[in-house]
>>> print(open('upload13.cif').read())   # mmCIF, C-alpha atoms
data_run
loop_
_atom_site.label_atom_id
_atom_site.label_comp_id
_atom_site.auth_asym_id
_atom_site.auth_seq_id
_atom_site.Cartn_x
_atom_site.Cartn_y
_atom_site.Cartn_z
CA MET A 1 21.41 -11.34 -8.52
CA SER A 2 18.74 -8.68 -8.73
CA THR A 3 15.40 -8.74 -6.96
CA LYS A 4 12.31 -6.97 -8.21
CA LEU A 5 10.80 -4.46 -5.82
CA THR A 6 7.43 -6.24 -5.92
CA GLN A 7 9.11 -9.51 -4.86
CA LEU A 8 11.00 -7.73 -2.09
CA LYS A 9 7.77 -6.16 -0.82
CA GLN A 10 6.07 -9.57 -0.83
CA GLU A 11 8.93 -11.08 1.17
CA PHE A 12 8.80 -8.17 3.64
CA THR A 13 5.03 -8.63 3.99
CA GLU A 14 5.47 -12.34 4.67
CA GLY A 15 8.15 -11.58 7.25
CA LEU A 16 5.90 -9.15 9.13
CA SER A 17 3.08 -11.68 8.92
CA GLN A 18 5.29 -14.18 10.73
CA ILE A 19 6.33 -11.59 13.33
CA SER A 20 2.67 -10.77 13.88
CA ARG A 21 1.89 -14.43 14.48
CA PHE A 22 4.86 -14.71 16.86
CA TRP A 23 3.41 -11.86 18.98
CA GLY A 24 0.05 -13.63 19.10
CA PHE A 25 -1.73 -11.52 16.49
CA PRO A 26 -3.26 -12.80 13.23
CA LYS A 27 -0.90 -13.12 10.24
CA GLY A 28 -3.22 -10.87 8.25
CA MET A 29 -2.64 -8.07 10.71
CA GLY A 30 1.09 -8.17 10.01
CA ALA A 31 0.49 -8.29 6.26
CA ILE A 32 -1.80 -5.26 6.38
CA PHE A 33 0.67 -3.29 8.47
CA ALA A 34 3.52 -4.23 6.10
CA VAL A 35 1.59 -3.14 3.00
CA LEU A 36 0.60 0.15 4.62
CA TYR A 37 4.09 0.73 5.99
CA LEU A 38 5.68 0.35 2.55
CA SER A 39 3.07 2.52 0.84
CA PRO A 40 4.06 6.15 0.23
CA THR A 41 0.38 7.16 0.31
CA PRO A 42 -2.62 6.07 2.38
CA LEU A 43 -4.52 3.10 0.91
CA SER A 44 -8.24 2.26 0.74
CA LEU A 45 -9.61 -1.10 1.84
CA ASP A 46 -9.91 -2.14 -1.83
CA GLU A 47 -6.25 -1.33 -2.43
CA ILE A 48 -5.24 -3.30 0.67
CA VAL A 49 -7.29 -6.25 -0.63
CA ARG A 50 -5.36 -6.14 -3.91
CA GLU A 51 -2.01 -5.96 -2.14
CA THR A 52 -2.61 -8.65 0.50
CA GLY A 53 -5.06 -11.05 -1.11
CA LEU A 54 -7.13 -11.02 2.10
CA THR A 55 -10.90 -10.55 2.06
CA LYS A 56 -12.35 -7.09 2.53
CA GLY A 57 -14.15 -8.25 5.68
CA ALA A 58 -10.96 -9.59 7.22
CA ILE A 59 -9.09 -6.42 6.34
CA SER A 60 -11.83 -4.24 7.79
CA THR A 61 -11.68 -6.16 11.07
CA GLU A 62 -7.89 -6.14 11.29
CA VAL A 63 -7.60 -2.46 10.32
CA ARG A 64 -9.96 -1.54 13.17
CA THR A 65 -7.78 -3.50 15.59
CA LEU A 66 -4.60 -1.92 14.22
CA ALA A 67 -6.21 1.52 14.51
CA ARG A 68 -7.27 0.84 18.11
CA MET A 69 -3.68 -0.15 18.87
CA GLY A 70 -2.39 3.05 17.28
CA LEU A 71 -0.46 1.20 14.57
CA VAL A 72 -2.65 2.44 11.70
CA HIS A 73 -4.29 5.81 11.18
CA ARG A 74 -7.43 6.53 9.17
CA SER A 75 -7.65 9.49 6.83
CA SER A 76 -9.87 10.68 4.02
CA LYS A 77 -9.46 12.43 0.72
CA ARG A 78 -11.44 15.44 -0.38
CA ALA A 79 -14.52 14.52 -2.47
CA ASP A 80 -14.00 10.81 -1.76
CA ARG A 81 -16.24 8.90 0.63
CA LYS A 82 -13.75 6.07 1.17
CA ASP A 83 -11.57 5.79 4.22
CA TYR A 84 -7.84 5.53 3.67
CA TYR A 85 -5.25 4.06 6.00
CA GLU A 86 -1.57 4.59 6.68
CA ALA A 87 0.84 2.85 9.04
CA GLU A 88 2.42 4.48 12.05
CA SER A 89 6.04 5.07 11.06
CA ASP A 90 7.44 5.88 14.50
CA PHE A 91 8.83 2.58 15.81
CA TYR A 92 8.86 3.75 19.41
CA THR A 93 5.14 4.53 19.15
CA SER A 94 4.50 1.17 17.48
CA ILE A 95 6.35 -0.85 20.12
CA ARG A 96 4.69 1.11 22.90
CA SER A 97 1.29 0.35 21.33
CA ILE A 98 2.04 -3.37 21.10
CA LEU A 99 3.21 -3.47 24.71
CA LYS A 100 0.14 -1.55 25.86
CA GLU A 101 -2.00 -4.13 24.06
CA ARG A 102 -0.40 -6.61 26.45
CA GLN A 103 -2.62 -5.08 29.06
CA ASN A 104 -5.78 -6.34 27.36
CA SER A 105 -8.12 -8.33 29.59
CA GLU A 106 -7.62 -11.70 27.85
CA PHE A 107 -3.88 -11.52 28.39
CA ASP A 108 -4.40 -10.43 31.99
CA ARG A 109 -6.68 -13.44 32.56
CA ALA A 110 -4.00 -15.74 31.16
CA VAL A 111 -1.33 -14.16 33.38
CA ARG A 112 -3.61 -14.46 36.43
CA SER A 113 -4.26 -18.10 35.57
CA VAL A 114 -0.54 -18.84 35.50
CA GLY A 115 -0.09 -17.07 38.85
CA GLU A 116 -2.97 -18.99 40.42
CA THR A 117 -1.60 -22.28 39.11
CA LEU A 118 1.82 -21.47 40.56
CA GLU A 119 0.29 -20.57 43.94
CA LYS A 120 -1.49 -23.95 44.07
CA LEU A 121 1.67 -25.80 43.10
CA GLU A 122 3.77 -23.96 45.67
CA SER A 123 1.18 -24.36 48.45
CA GLY A 124 1.70 -28.11 48.50
CA SER A 125 -2.00 -28.79 48.00
CA VAL A 126 -1.50 -30.50 44.63
CA THR A 127 -0.83 -34.23 44.81
CA GLY A 128 0.76 -36.50 42.26
CA ASP A 129 4.05 -38.00 41.19
CA PRO A 130 6.77 -35.90 42.92
CA GLU A 131 9.03 -35.79 39.85
CA GLU A 132 6.18 -34.69 37.60
CA LEU A 133 5.06 -32.08 40.17
CA GLN A 134 8.58 -30.70 40.30
CA PHE A 135 8.75 -30.57 36.48
CA VAL A 136 5.36 -28.85 36.16
CA THR A 137 6.26 -26.38 38.92
CA GLN A 138 9.53 -25.47 37.16
CA ARG A 139 7.72 -24.94 33.85
CA VAL A 140 5.00 -22.77 35.39
CA GLN A 141 7.64 -20.77 37.33
CA ALA A 142 9.52 -20.14 34.07
CA LEU A 143 6.34 -18.92 32.39
CA GLN A 144 5.55 -16.68 35.37
CA GLU A 145 9.06 -15.19 35.19
CA PHE A 146 8.56 -14.51 31.49
CA PHE A 147 5.25 -12.74 32.15
CA ASN A 148 6.90 -10.73 34.94
CA ALA A 149 9.62 -9.66 32.49
CA ILE A 150 6.97 -8.60 29.93
CA ASP A 151 5.21 -6.58 32.64
CA SER A 152 8.50 -4.92 33.62
CA LEU A 153 9.24 -4.11 29.99
CA SER A 154 5.76 -2.63 29.55
CA ARG A 155 6.17 -0.47 32.64
CA ALA A 156 9.63 0.65 31.47
CA VAL A 157 8.34 1.67 28.05
CA VAL A 158 5.49 3.64 29.60
CA LYS A 159 7.99 5.28 32.00
CA LEU A 160 10.28 6.17 29.07
CA GLU A 161 7.31 7.76 27.33
CA SER A 162 6.94 10.21 30.22
CA LEU A 163 10.56 11.31 29.65
CA GLY A 164 9.83 12.37 26.08
CA ILE A 165 11.29 10.92 22.89
CA SER A 166 14.26 13.34 22.72
CA ASN A 167 15.40 12.28 26.20
CA VAL A 168 14.91 8.60 25.31
CA ASN A 169 17.06 9.07 22.21
CA LYS A 170 19.76 10.69 24.36
CA ILE A 171 19.70 7.74 26.75
CA LEU A 172 19.85 5.24 23.89
CA SER A 173 22.76 7.06 22.25
CA ILE A 174 24.72 6.79 25.51
CA LEU A 175 24.10 3.02 25.61
CA LYS A 176 25.48 2.47 22.10
#
>>> encode(input="upload13.cif", output="structure tokens")
Amino acid sequence: MSTKLTQLKQEFTEGLSQISRFWGFPKGMGAIFAVLYLSPTPLSLDEIVRETGLTKGAISTEVRTLARMGLVHRSSKRADRKDYYEAESDFYTSIRSILKERQNSEFDRAVRSVGETLEKLESGSVTGDPEELQFVTQRVQALQEFFNAIDSLSRAVVKLESLGISNVNKILSILK
């Protein structure tokens, strides 16, 4: 059974849209990255509109966010006033950018909130049904452990960056 390349690209774009949503980013952001990633040449906003079906305003907003995260790079063409965009193709750089975005203030506020909630629960100052308190405490502890793991992963990726990509590749080849 053969698949047309255009269909395959659409399926890939939908898949990255879902991954984007999973990581807490808009679906459109994943679609834009997918279209740019599969494009052999940089694309203008109008071309991205045609490929994704998103509005130009939405694309403009998402492209700025992707650029700030280091996942998309802006370029220009001689004698053309339009901006063109291309996706970062180095996966290590992309993952590092996503993990660094974890450090944004909204996420930090959410992490702090979980920590504060856990402190209150563990201090014994919260009253209520003992079974429900135990359940809520276990759930909040699990979430705190998850956030701690994300923080550790972020720190590890930043630490690996200081080693240089060739050394990271050597380490990874040993682990295989």
>>> closest_residue(input="upload13.cif", among="A:Thr61, A:Thr6, A:Ser44, A:Thr55", to="Ser75 (chain A)", atoms="only C-alpha atoms")
A:Ser44
>>> resolve_selection(input="upload13.cif", expression="the PyMOL selection byres ((chain A and resi 8-22) around 9)", output="PDB file with C-alpha atoms, keeping the file's coordinate frame")
ATOM      1  CA  THR A   3      15.400  -8.740  -6.960  1.00  0.00           C
ATOM      2  CA  LYS A   4      12.310  -6.970  -8.210  1.00  0.00           C
ATOM      3  CA  LEU A   5      10.800  -4.460  -5.820  1.00  0.00           C
ATOM      4  CA  THR A   6       7.430  -6.240  -5.920  1.00  0.00           C
ATOM      5  CA  GLN A   7       9.110  -9.510  -4.860  1.00  0.00           C
ATOM      6  CA  TRP A  23       3.410 -11.860  18.980  1.00  0.00           C
ATOM      7  CA  GLY A  24       0.050 -13.630  19.100  1.00  0.00           C
ATOM      8  CA  PHE A  25      -1.730 -11.520  16.490  1.00  0.00           C
ATOM      9  CA  PRO A  26      -3.260 -12.800  13.230  1.00  0.00           C
ATOM     10  CA  LYS A  27      -0.900 -13.120  10.240  1.00  0.00           C
ATOM     11  CA  GLY A  28      -3.220 -10.870   8.250  1.00  0.00           C
ATOM     12  CA  MET A  29      -2.640  -8.070  10.710  1.00  0.00           C
ATOM     13  CA  GLY A  30       1.090  -8.170  10.010  1.00  0.00           C
ATOM     14  CA  ALA A  31       0.490  -8.290   6.260  1.00  0.00           C
ATOM     15  CA  ILE A  32      -1.800  -5.260   6.380  1.00  0.00           C
ATOM     16  CA  PHE A  33       0.670  -3.290   8.470  1.00  0.00           C
ATOM     17  CA  ALA A  34       3.520  -4.230   6.100  1.00  0.00           C
ATOM     18  CA  VAL A  35       1.590  -3.140   3.000  1.00  0.00           C
ATOM     19  CA  LEU A  38       5.680   0.350   2.550  1.00  0.00           C
ATOM     20  CA  GLU A  51      -2.010  -5.960  -2.140  1.00  0.00           C
ATOM     21  CA  THR A  52      -2.610  -8.650   0.500  1.00  0.00           C
TER      22      THR A  52
END
>>> atom_distance(input="upload13.cif", atom1="CA of Gly115 (chain A)", atom2="CA of Thr127 (chain A)")
18.2 Å
>>> resolve_selection(input="upload13.cif", expression="the PyMOL selection byres ((chain A and resi 140) around 9)", output="PyMOL selection string")
chain A and resi 114-115+117-118+121+135-139+141-145
>>> closest_residue(input="upload13.cif", among="A:Tyr37, A:Ser97, A:Ser123, A:Ser113", to="Val157 (chain A)", atoms="all atoms listed in the file")
A:Ser97
>>> atom_distance(input="upload13.cif", atom1="CA of Leu36 (chain A)", atom2="CA of Ser89 (chain A)")
9.8 Å
>>> atom_distance(input="upload13.cif", atom1="CA of Leu160 (chain A)", atom2="CA of Met69 (chain A)")
18.4 Å
>>> closest_residue(input="upload13.cif", among="A:Glu132, A:Asp46, A:Asp151, A:Glu86", to="Asp108 (chain A)", atoms="all atoms listed in the file")
A:Asp151
